[in-house]
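Structure, as structure tokens:
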Amino acid sequence: MMHARKERVKRSDLLKALNKYLQQQGETIAAEDFLEQVVQISELLVQQEEEYEFAHLSFQEYLAATEIARLAQQQPSQESQLYERFDDGWWKPTILLYAAQVNPTTLVREMIRRGAFDLAHLCLLETTKQFDPALNTELNALQKTVSNTRYAKLDALLKAQQWREADEETYRLMITTVGKEEGQLFDREDLENFPCEDLKTIDRLWVHYSGGKWGFSVQKRIWEECGSPMDYNDDWEKFGDRVGWRKDDDWLSYSDLTFDLQKSLSGEFPLQLNFLSLAGEWAGGGFSSLARRLVDCSR
């Protein structure tokens, strides 16, 4: 189903496959009866007329990842079937689930070789299995390689003072760091649990190239001076005035901003329009969560 990019399978095809697998296992139960039990008792599969699908797509992705891991254990070259799919969003959850079940060093090296740095970063972030110290050292080295490469574009944009492009790249780096796709929005949980090292790296680059005028840490300091507002109130509007997101008692639109280091106020960037609205409605909870995360990361 994963290879065919399908979430549903016809009843006739499923029964044919089940009959084959049951025979291989020496089971005497009829395929129809087995399928009925899976649907009615385990509720793993859901029937949609004459087709079946998993109750959640994540079941399909997890089972696919588990099967590839099993095959790769017998024949390591089986892992290569994932290599051509590094840029395929359909396969992304399966790849991450696979990486969490195996020693991911070979997989991550291949991601680095093919330029899939964001995916490599997520794989390393998702790897919670404890390995021997030597392997942990190797994984840490890979993490540094991935991190340095991921932030190379942001470094270059900031160095060239291409502030708008750097702001867009900051969003891209942050949204992919939390495992989402470009165009999606952050929620509070994403920001409250944002990896400290990545947050510090982004902030350090902005502060360095802006001469200390811009950066998340600069915004955090001003936010604290304004009373650390977590809700929309006078303190939040005061913060908006201080960092240049409001003018003459109105919230500015993204197109109103100058991206001029000399004319802009301290703390104006990075803005991250995708999680912080300047249209007058309360969306400051996102920034406030990020500011609180900076406080936690500095402890």
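Letters A, B, ... mark the chains of the structure tokens in the order given; residue numbers begin at 1 per chain; ligand numbers begin at 1, in order shown.
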
Test item: residues at most 12 Å from His56 of chain A, only C-alpha atoms, excluding those fewer than 6 positions along its chain, as a VMD selection string: chain A and resid 7 to 8 43 to 46 62 to 63

Please identify all polymer residues within 10 Å of Glu61 of chain A, counting only C-alpha atoms, omitting same-chain residues fewer than 2 positions from it, and present them as a list in words.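 Final neighbour list, sorted by chain and number: Met1, Met2, Phe54, His56, Leu57, Ser58, Phe59, Leu63, Ala64, Ala65, Thr66, Glu67, Trp90, Trp91, Lys92, Pro93, Thr94, Ile95, Leu96, Leu97 and Tyr98 of chain A.
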
Any chance you could export the current selection's N, CA and C atoms as a short mmCIF file (atom, residue, chain, number, x, y, z; two decimals), in the first residue's frame?
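Ended up saving to again.cif:
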```
data_model
loop_
_atom_site.label_atom_id
_atom_site.label_comp_id
_atom_site.auth_asym_id
_atom_site.auth_seq_id
_atom_site.Cartn_x
_atom_site.Cartn_y
_atom_site.Cartn_z
N MET A 1 0.83 -1.21 0.00
CA MET A 1 0.00 0.00 0.00
C MET A 1 0.86 1.25 0.00
N MET A 2 1.97 1.20 0.72
CA MET A 2 2.87 2.36 0.70
C MET A 2 3.50 2.54 -0.67
N PHE A 54 -6.59 1.34 7.07
CA PHE A 54 -6.22 1.31 8.48
C PHE A 54 -6.99 2.38 9.23
N HIS A 56 -6.01 4.41 11.31
CA HIS A 56 -5.20 5.62 11.20
C HIS A 56 -4.06 5.33 10.23
N LEU A 57 -3.75 6.30 9.39
CA LEU A 57 -2.67 6.11 8.43
C LEU A 57 -1.36 5.79 9.13
N SER A 58 -1.19 6.28 10.36
CA SER A 58 0.05 6.03 11.10
C SER A 58 0.27 4.53 11.33
N PHE A 59 -0.81 3.74 11.44
CA PHE A 59 -0.65 2.30 11.56
C PHE A 59 0.02 1.73 10.30
N LEU A 63 3.72 0.01 10.35
CA LEU A 63 3.89 -1.39 9.94
C LEU A 63 4.82 -1.50 8.73
N ALA A 64 4.73 -0.52 7.82
CA ALA A 64 5.64 -0.50 6.68
C ALA A 64 7.08 -0.31 7.15
N ALA A 65 7.28 0.62 8.09
CA ALA A 65 8.62 0.88 8.63
C ALA A 65 9.16 -0.36 9.34
N THR A 66 8.30 -1.04 10.08
CA THR A 66 8.71 -2.25 10.81
C THR A 66 9.11 -3.36 9.85
N GLU A 67 8.37 -3.49 8.76
CA GLU A 67 8.68 -4.54 7.78
C GLU A 67 10.00 -4.24 7.07
N TRP A 90 5.01 11.67 1.20
CA TRP A 90 4.21 10.48 1.49
C TRP A 90 4.98 9.49 2.35
N TRP A 91 6.29 9.42 2.13
CA TRP A 91 7.13 8.45 2.82
C TRP A 91 7.79 9.01 4.08
N LYS A 92 7.70 10.29 4.30
CA LYS A 92 8.43 10.92 5.42
C LYS A 92 8.13 10.28 6.77
N PRO A 93 6.85 10.10 7.18
CA PRO A 93 6.59 9.49 8.49
C PRO A 93 7.15 8.07 8.60
N THR A 94 7.07 7.32 7.50
CA THR A 94 7.59 5.95 7.51
C THR A 94 9.10 5.95 7.70
N ILE A 95 9.78 6.88 7.03
CA ILE A 95 11.23 6.97 7.16
C ILE A 95 11.62 7.31 8.59
N LEU A 96 10.90 8.23 9.21
CA LEU A 96 11.19 8.62 10.59
C LEU A 96 10.91 7.47 11.55
N LEU A 97 9.84 6.73 11.31
CA LEU A 97 9.51 5.58 12.14
C LEU A 97 10.54 4.47 11.97
N TYR A 98 11.04 4.33 10.77
CA TYR A 98 12.10 3.34 10.51
C TYR A 98 13.37 3.73 11.25
#
```

Residue contacts of Asp87 of chain A (12 Å, only C-alpha atoms) excluding same-chain residues fewer than 3 positions away, as a PyMOL selection string: chain A and resi 82-84+90-93+95+111+114-120+181

For atom CA of Gly211 of chain A and atom CA of Asp234 of chain A, determine how far apart the two atoms are, in Å to one decimal place.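 It comes out at 29.5 Å.
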
So that I can see what lies close to Ile175 of chain A, please list as a list in words the residues with an atom at most 9 Å from it, counting only C-alpha atoms and leaving out residues fewer than 5 positions away in the same chain.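 Once the nearby chain positions are removed, what remains is Thr170, Lys180, Glu181, Glu182, Gly183, Gln184, Leu185, Phe186 and Asp190 of chain A.
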
Give me, as an MDAnalysis selection string, the residues of segment 76-116 of chain A that a backbone DSSP run labels alpha helix (DSSP H). chainID A and resid 92:99 105:113

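Counting only C-alpha atoms and comparing A:Glu79, A:Asp250, A:Asp241, A:Glu165, the residue that lies closest to Glu268 of chain A is A:Asp241.
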
Quick one: DSSP strand (DSSP E or B) residues in segment 148-281 of chain A, as a list in words?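 Filtering segment 148-281 of chain A down to strand (DSSP E or B) leaves Arg246, Lys247, Asp250 and Trp251 of chain A.
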
Using only C-alpha atoms, find the one residue out of A:Phe259, A:Phe86, A:Tyr151, A:Phe216 that sits nearest to Arg172 of chain A.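 Checking each of A:Phe259, A:Phe86, A:Tyr151, A:Phe216 against Arg172 of chain A, counting only C-alpha atoms, the winner is A:Tyr151.
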
Quick one: residues within 12 Å of Lys144 of chain A, only C-alpha atoms, excluding same-chain residues fewer than 2 positions away - as a list in words?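 Once the nearby chain positions are removed, what remains is Ile112, Phe117, Ala120, His121, Leu124, Thr137, Glu138, Leu139, Asn140, Ala141, Leu142, Val146, Ser147, Asn148, Thr149, Arg150, Tyr151, Glu197, Asp198 and Thr201 of chain A.
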
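Using only C-alpha atoms, the shortest contact distance between Ile202 of chain A and any of A:Lys153, A:Arg242, A:Arg221, A:Lys247 is found at A:Lys153.
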